[in-house]
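Here is the structure we will look at, set down as structure tokens.
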Amino acid sequence: QSKHLGYYDVNNDHGNMTLAPIVPLLEGRLSITGNAGNQRNNLDKSRETTTIRWVGVGNINFNTSEKWNTTLNYSNFSTYTNMKPQTDPFFNNSMDSLNFYQVTNQMGGSVNYTFGNKEAPRNLMIYTSYQKATETNPEAQNNSKSGFFSANASYSQVMPEAGVTISISYNMNSGKAPEMKSFYHGPGFNVSKMLMEKTLRAGFNSAYNRSTLNGMKGSPVLLTGLNLGYSPKKSEEGKHRITFNLTWLQRFPSDLQKQKRSELTGNLNYAFTF
């Protein structure tokens, strides 16, 4: 339900409770944060449907040194919905009632290592995450479960004197759901350079991915891109910015797609701020 109180709609039929602790340890090098809450509607029991949500989030950040940083995170989101049966003196259907549960858990972590020197820093990062979702309807005896795992490893290097930034990465994703099992992986590359007294940035990127779906090989994909960004120094009238992006996408033949397909996309944007 909502009421107009002279501004945007205000939800007046729900209650919230939230707890958000922050615990710093080891002189600030270790930080533990959390957030837990509950939300429910139908406070006056006047509606046919009641929904209760539980949310929990936890994060741990640990700086073992100036070069090493580790993070861990966990989140839980659960929803319970109860629908009351409709009252009819001549007809009673037991399927009118509904108890529906939905739970989503997500866990992730990353390790970040910075080395080199301040003039030419380098960075190595590894990140992984796993998400699990469950949907349950006891009346219909119907349960649905799915899980997704992803991982990424990347390396980047900055060369300030040359105005060049280089990064390489490798991505992997695996998913499993009812009647579906997927997997894809592949490397990526990105390089950019500042030109014309740092008013023009030119970049090139490329990524290649292979995938499978339910045991069948999907189309390998090669993505190649070129991007330019020109931003002259701000004048009395304002600041101009022009960006141009060109992307070439190639899908190669596979078990699921017998023909090769290509797409060429270009975008030109102009912005002026004052």
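Naming scheme: A, B, ... for chains in displayed order of the structure tokens; residues 1 onward per chain; ligands 1 onward as shown.
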
**OP:** Please return as a PyMOL selection string: the residues of range 63-215 of chain A that backbone DSSP assigns to strand (DSSP E or B).
**Re:** chain A and resi 68-83+98-116+121-137+142-159+164-177+180-195+200-213

Subject >> Within 12 Å of Asn245 in chain A using only C-alpha atoms, minus same-chain residues under 3 positions, as a list in words >> reply: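 The residues satisfying every condition are Arg201, Ala202, Gly203, Phe204, Asn205, Thr224, Gly225, Leu226, Asn227, Leu228, Gly229, Tyr230, Ile242, Trp248, Leu264, Thr265, Gly266, Asn267, Leu268 and Asn269 of chain A.
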
Written file, previous selection with N, CA, C and O atoms, as a compact mmCIF listing (two decimals), in the first residue's frame:
# COMPACT_ATOMS: atom_id res chain seq x y z
N ARG A 201 43.21 9.77 -25.79
CA ARG A 201 43.50 8.41 -25.32
C ARG A 201 43.08 7.43 -26.42
O ARG A 201 41.93 7.43 -26.87
N ALA A 202 44.03 6.61 -26.83
CA ALA A 202 43.76 5.59 -27.84
C ALA A 202 43.90 4.22 -27.20
O ALA A 202 44.85 3.96 -26.45
N GLY A 203 42.95 3.34 -27.48
CA GLY A 203 42.96 2.02 -26.85
C GLY A 203 42.60 0.91 -27.81
O GLY A 203 41.87 1.12 -28.78
N PHE A 204 43.13 -0.26 -27.51
CA PHE A 204 42.82 -1.45 -28.29
C PHE A 204 42.55 -2.58 -27.31
O PHE A 204 43.26 -2.75 -26.32
N ASN A 205 41.50 -3.37 -27.58
CA ASN A 205 41.18 -4.50 -26.71
C ASN A 205 40.72 -5.68 -27.54
O ASN A 205 40.18 -5.53 -28.64
N THR A 224 37.06 -7.81 -30.97
CA THR A 224 38.16 -6.88 -31.15
C THR A 224 37.62 -5.46 -31.15
O THR A 224 36.61 -5.19 -31.82
N GLY A 225 38.24 -4.59 -30.41
CA GLY A 225 37.72 -3.23 -30.31
C GLY A 225 38.80 -2.17 -30.38
O GLY A 225 39.95 -2.38 -30.00
N LEU A 226 38.41 -1.01 -30.89
CA LEU A 226 39.27 0.18 -30.96
C LEU A 226 38.49 1.34 -30.38
O LEU A 226 37.32 1.55 -30.73
N ASN A 227 39.10 2.09 -29.49
CA ASN A 227 38.40 3.23 -28.90
C ASN A 227 39.31 4.44 -28.82
O ASN A 227 40.52 4.33 -28.56
N LEU A 228 38.74 5.60 -29.05
CA LEU A 228 39.44 6.88 -29.01
C LEU A 228 38.64 7.85 -28.15
O LEU A 228 37.41 7.90 -28.25
N GLY A 229 39.34 8.60 -27.34
CA GLY A 229 38.69 9.62 -26.52
C GLY A 229 39.50 10.90 -26.54
O GLY A 229 40.66 10.92 -26.13
N TYR A 230 38.87 11.97 -27.05
CA TYR A 230 39.56 13.26 -27.16
C TYR A 230 38.90 14.26 -26.22
O TYR A 230 37.69 14.49 -26.30
N ILE A 242 34.92 14.11 -27.02
CA ILE A 242 34.48 13.30 -28.14
C ILE A 242 35.03 11.88 -27.95
O ILE A 242 36.22 11.70 -27.68
N TRP A 248 34.37 -5.16 -33.47
CA TRP A 248 34.18 -6.21 -34.47
C TRP A 248 34.00 -7.53 -33.74
O TRP A 248 34.88 -7.99 -33.02
N LEU A 264 29.90 -5.62 -37.07
CA LEU A 264 30.75 -4.45 -36.93
C LEU A 264 29.90 -3.31 -36.39
O LEU A 264 28.89 -2.93 -37.00
N THR A 265 30.28 -2.79 -35.22
CA THR A 265 29.49 -1.75 -34.55
C THR A 265 30.37 -0.56 -34.24
O THR A 265 31.49 -0.71 -33.73
N GLY A 266 29.88 0.63 -34.56
CA GLY A 266 30.60 1.86 -34.27
C GLY A 266 29.73 2.85 -33.52
O GLY A 266 28.52 2.95 -33.77
N ASN A 267 30.32 3.59 -32.60
CA ASN A 267 29.62 4.61 -31.82
C ASN A 267 30.45 5.88 -31.76
O ASN A 267 31.66 5.83 -31.49
N LEU A 268 29.80 7.00 -32.01
CA LEU A 268 30.44 8.31 -31.93
C LEU A 268 29.62 9.18 -30.99
O LEU A 268 28.42 9.36 -31.19
N ASN A 269 30.26 9.72 -29.95
CA ASN A 269 29.56 10.54 -28.95
C ASN A 269 30.28 11.86 -28.76
O ASN A 269 31.53 11.94 -28.81

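Using only C-alpha atoms, the smallest distance between any of A:Ser129, A:Val23, A:Ser206, A:Met196 and Met172 in chain A comes from A:Ser129.
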
**OP:** Quick one: everything within 9 Å of Ile22 in chain A, counting only C-alpha atoms, minus sequence neighbours fewer than 6 positions away in the same chain. Send it as JSON, numbers by chain.
**Re:** {"A": [31, 32, 33, 34]}

Original post:
With distances taken over only C-alpha atoms, which of A:Leu200, A:Ala120, A:Ala153, A:Ala177 is nearest to Glu135 in chain A?
Top reply: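 Ranking A:Leu200, A:Ala120, A:Ala153, A:Ala177 by distance to Glu135 in chain A, first place goes to A:Ala177.
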
For range 212-214 of chain A, please output as a PDB file with all heavy atoms, in the first residue's frame all residues within 8 Å (counting only C-alpha atoms; exclusion window: fewer than 6 positions along the same chain).
ATOM      1  N   MET A 180      19.979 -27.363 -17.684  1.00  0.00           N
ATOM      2  CA  MET A 180      20.987 -26.499 -18.295  1.00  0.00           C
ATOM      3  C   MET A 180      22.318 -26.622 -17.574  1.00  0.00           C
ATOM      4  O   MET A 180      22.375 -26.577 -16.352  1.00  0.00           O
ATOM      5  CB  MET A 180      20.520 -25.040 -18.279  1.00  0.00           C
ATOM      6  CG  MET A 180      21.398 -24.092 -19.115  1.00  0.00           C
ATOM      7  SD  MET A 180      22.864 -23.483 -18.229  1.00  0.00           S
ATOM      8  CE  MET A 180      22.106 -22.358 -17.051  1.00  0.00           C
ATOM      9  N   LYS A 181      23.379 -26.816 -18.341  1.00  0.00           N
ATOM     10  CA  LYS A 181      24.726 -26.845 -17.814  1.00  0.00           C
ATOM     11  C   LYS A 181      25.640 -26.132 -18.806  1.00  0.00           C
ATOM     12  O   LYS A 181      25.734 -26.519 -19.967  1.00  0.00           O
ATOM     13  CB  LYS A 181      25.206 -28.284 -17.607  1.00  0.00           C
ATOM     14  CG  LYS A 181      26.549 -28.397 -16.906  1.00  0.00           C
ATOM     15  CD  LYS A 181      26.914 -29.844 -16.645  1.00  0.00           C
ATOM     16  CE  LYS A 181      28.236 -29.956 -15.899  1.00  0.00           C
ATOM     17  NZ  LYS A 181      28.606 -31.381 -15.650  1.00  0.00           N
ATOM     18  N   SER A 182      26.280 -25.076 -18.365  1.00  0.00           N
ATOM     19  CA  SER A 182      27.084 -24.245 -19.271  1.00  0.00           C
ATOM     20  C   SER A 182      28.481 -24.032 -18.717  1.00  0.00           C
ATOM     21  O   SER A 182      28.723 -24.118 -17.511  1.00  0.00           O
ATOM     22  CB  SER A 182      26.409 -22.883 -19.481  1.00  0.00           C
ATOM     23  OG  SER A 182      26.354 -22.155 -18.257  1.00  0.00           O
ATOM     24  N   PHE A 183      29.387 -23.725 -19.627  1.00  0.00           N
ATOM     25  CA  PHE A 183      30.781 -23.451 -19.251  1.00  0.00           C
ATOM     26  C   PHE A 183      31.410 -22.595 -20.347  1.00  0.00           C
ATOM     27  O   PHE A 183      31.251 -22.867 -21.541  1.00  0.00           O
ATOM     28  CB  PHE A 183      31.565 -24.747 -19.091  1.00  0.00           C
ATOM     29  CG  PHE A 183      33.024 -24.543 -18.760  1.00  0.00           C
ATOM     30  CD1 PHE A 183      33.408 -24.190 -17.478  1.00  0.00           C
ATOM     31  CD2 PHE A 183      33.996 -24.677 -19.737  1.00  0.00           C
ATOM     32  CE1 PHE A 183      34.748 -23.992 -17.172  1.00  0.00           C
ATOM     33  CE2 PHE A 183      35.331 -24.480 -19.439  1.00  0.00           C
ATOM     34  CZ  PHE A 183      35.711 -24.132 -18.146  1.00  0.00           C
ATOM     35  N   TYR A 184      32.086 -21.526 -19.953  1.00  0.00           N
ATOM     36  CA  TYR A 184      32.836 -20.747 -20.941  1.00  0.00           C
ATOM     37  C   TYR A 184      34.106 -20.209 -20.300  1.00  0.00           C
ATOM     38  O   TYR A 184      34.177 -20.009 -19.081  1.00  0.00           O
ATOM     39  CB  TYR A 184      31.978 -19.624 -21.543  1.00  0.00           C
ATOM     40  CG  TYR A 184      31.936 -18.344 -20.739  1.00  0.00           C
ATOM     41  CD1 TYR A 184      32.940 -17.386 -20.876  1.00  0.00           C
ATOM     42  CD2 TYR A 184      30.894 -18.074 -19.868  1.00  0.00           C
ATOM     43  CE1 TYR A 184      32.916 -16.210 -20.157  1.00  0.00           C
ATOM     44  CE2 TYR A 184      30.858 -16.899 -19.150  1.00  0.00           C
ATOM     45  CZ  TYR A 184      31.857 -15.963 -19.292  1.00  0.00           C
ATOM     46  OH  TYR A 184      31.829 -14.806 -18.573  1.00  0.00           O
TER      47      TYR A 184
END

Original post:
Which residues come within 12 Å of Lys145 in chain A, counting only C-alpha atoms, excluding same-chain residues fewer than 4 positions away, as a list in words?
Top reply: Tyr101, Gln102, Val103, Thr104, Asn105, Gln131, Lys132, Ala133, Thr134, Glu135, Thr136, Gly175, Lys176, Ala177, Pro178, Glu179 and Met180 of chain A

Apply DSSP to the structure's backbone, then extract all residues of range 17-264 of chain A labelled helix (DSSP H, G or I) and return them as a PDB file with C-alpha atoms, in the first residue's frame.
ATOM      1  CA  LEU A  26      45.141  -5.108  14.087  1.00  0.00           C
ATOM      2  CA  GLU A  27      45.503  -1.332  13.948  1.00  0.00           C
ATOM      3  CA  GLY A  28      43.123  -1.087  11.014  1.00  0.00           C
ATOM      4  CA  SER A  94      -6.469 -26.221  -1.773  1.00  0.00           C
ATOM      5  CA  MET A  95      -4.077 -24.963  -4.480  1.00  0.00           C
ATOM      6  CA  ASP A  96      -5.140 -21.369  -3.690  1.00  0.00           C
TER       7      ASP A  96
END

Find the residues of range 93-204 of chain A that sit at most 10 Å from range 54-66 of chain A; for each, write down the nearest two atoms and how far apart they are in Å, to one decimal. Count only C-alpha atoms. Sort by chain, then by number going up, and give it as CSV.
residue,atom,partner,partner_atom,distance
A:Val103,CA,A:Trp54,CA,9.2
A:Thr104,CA,A:Val55,CA,9.7
A:Asn105,CA,A:Gly56,CA,9.5
A:Gln106,CA,A:Val57,CA,9.3
A:Met107,CA,A:Gly58,CA,9.6
A:Gly108,CA,A:Asn59,CA,9.6
A:Gly109,CA,A:Ile60,CA,9.2
A:Ser110,CA,A:Asn61,CA,9.7
A:Val111,CA,A:Phe62,CA,9.7
A:Asn112,CA,A:Asn63,CA,9.6
A:Tyr113,CA,A:Glu66,CA,8.9
A:Thr114,CA,A:Glu66,CA,7.9
A:Phe115,CA,A:Glu66,CA,9.2

Save out the residues we just selected, N, CA, C and O atoms, as a compact mmCIF listing (two decimals), in the first residue's frame.
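Contents of the output file part29.txt:
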# COMPACT_ATOMS: atom_id res chain seq x y z
N VAL A 103 15.91 -18.75 -1.70
CA VAL A 103 17.15 -18.48 -0.97
C VAL A 103 18.29 -18.35 -1.97
O VAL A 103 18.46 -19.20 -2.85
N THR A 104 19.05 -17.29 -1.83
CA THR A 104 20.22 -17.07 -2.69
C THR A 104 21.43 -16.82 -1.80
O THR A 104 21.42 -15.92 -0.95
N ASN A 105 22.48 -17.62 -2.00
CA ASN A 105 23.74 -17.45 -1.27
C ASN A 105 24.85 -17.11 -2.25
O ASN A 105 24.94 -17.72 -3.33
N GLN A 106 25.68 -16.15 -1.88
CA GLN A 106 26.80 -15.76 -2.73
C GLN A 106 28.05 -15.64 -1.87
O GLN A 106 28.04 -15.00 -0.81
N MET A 107 29.13 -16.27 -2.33
CA MET A 107 30.42 -16.21 -1.64
C MET A 107 31.50 -15.80 -2.62
O MET A 107 31.48 -16.25 -3.78
N GLY A 108 32.40 -14.97 -2.19
CA GLY A 108 33.45 -14.51 -3.09
C GLY A 108 34.70 -14.12 -2.32
O GLY A 108 34.67 -13.91 -1.11
N GLY A 109 35.78 -14.02 -3.05
CA GLY A 109 37.04 -13.63 -2.44
C GLY A 109 38.03 -13.18 -3.49
O GLY A 109 37.93 -13.57 -4.66
N SER A 110 38.95 -12.34 -3.09
CA SER A 110 39.96 -11.85 -4.01
C SER A 110 41.30 -11.69 -3.30
O SER A 110 41.34 -11.43 -2.09
N VAL A 111 42.36 -11.86 -4.06
CA VAL A 111 43.72 -11.62 -3.57
C VAL A 111 44.38 -10.65 -4.53
O VAL A 111 44.39 -10.88 -5.75
N ASN A 112 44.90 -9.55 -4.00
CA ASN A 112 45.48 -8.50 -4.82
C ASN A 112 46.94 -8.27 -4.41
O ASN A 112 47.23 -8.09 -3.22
N TYR A 113 47.83 -8.32 -5.38
CA TYR A 113 49.26 -8.13 -5.11
C TYR A 113 49.78 -6.99 -5.96
O TYR A 113 49.69 -7.02 -7.19
N THR A 114 50.32 -5.96 -5.34
CA THR A 114 50.88 -4.80 -6.02
C THR A 114 52.39 -4.81 -5.87
O THR A 114 52.91 -4.93 -4.76
N PHE A 115 53.10 -4.69 -6.97
CA PHE A 115 54.57 -4.69 -6.92
C PHE A 115 55.11 -3.71 -7.95
O PHE A 115 54.37 -2.94 -8.55

Subject >> Atom pair CA of Asn171 in chain A / CA of Ser154 in chain A: separation (Å) >> reply: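 CA of Ser154 in chain A lies at a distance of 8.7 Å from CA of Asn171 in chain A.
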
**OP:** Please provide as an MDAnalysis selection string all residues within 8 Å of Gln250 in chain A, with the sequence filter that same-chain residues fewer than 4 positions apart are discarded (counting only C-alpha atoms).
**Re:** chainID A and resid 221:223 260:263

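One distance worth recording is that between CA of Lys233 in chain A and CA of Phe274 in chain A, which is 12.6 Å.
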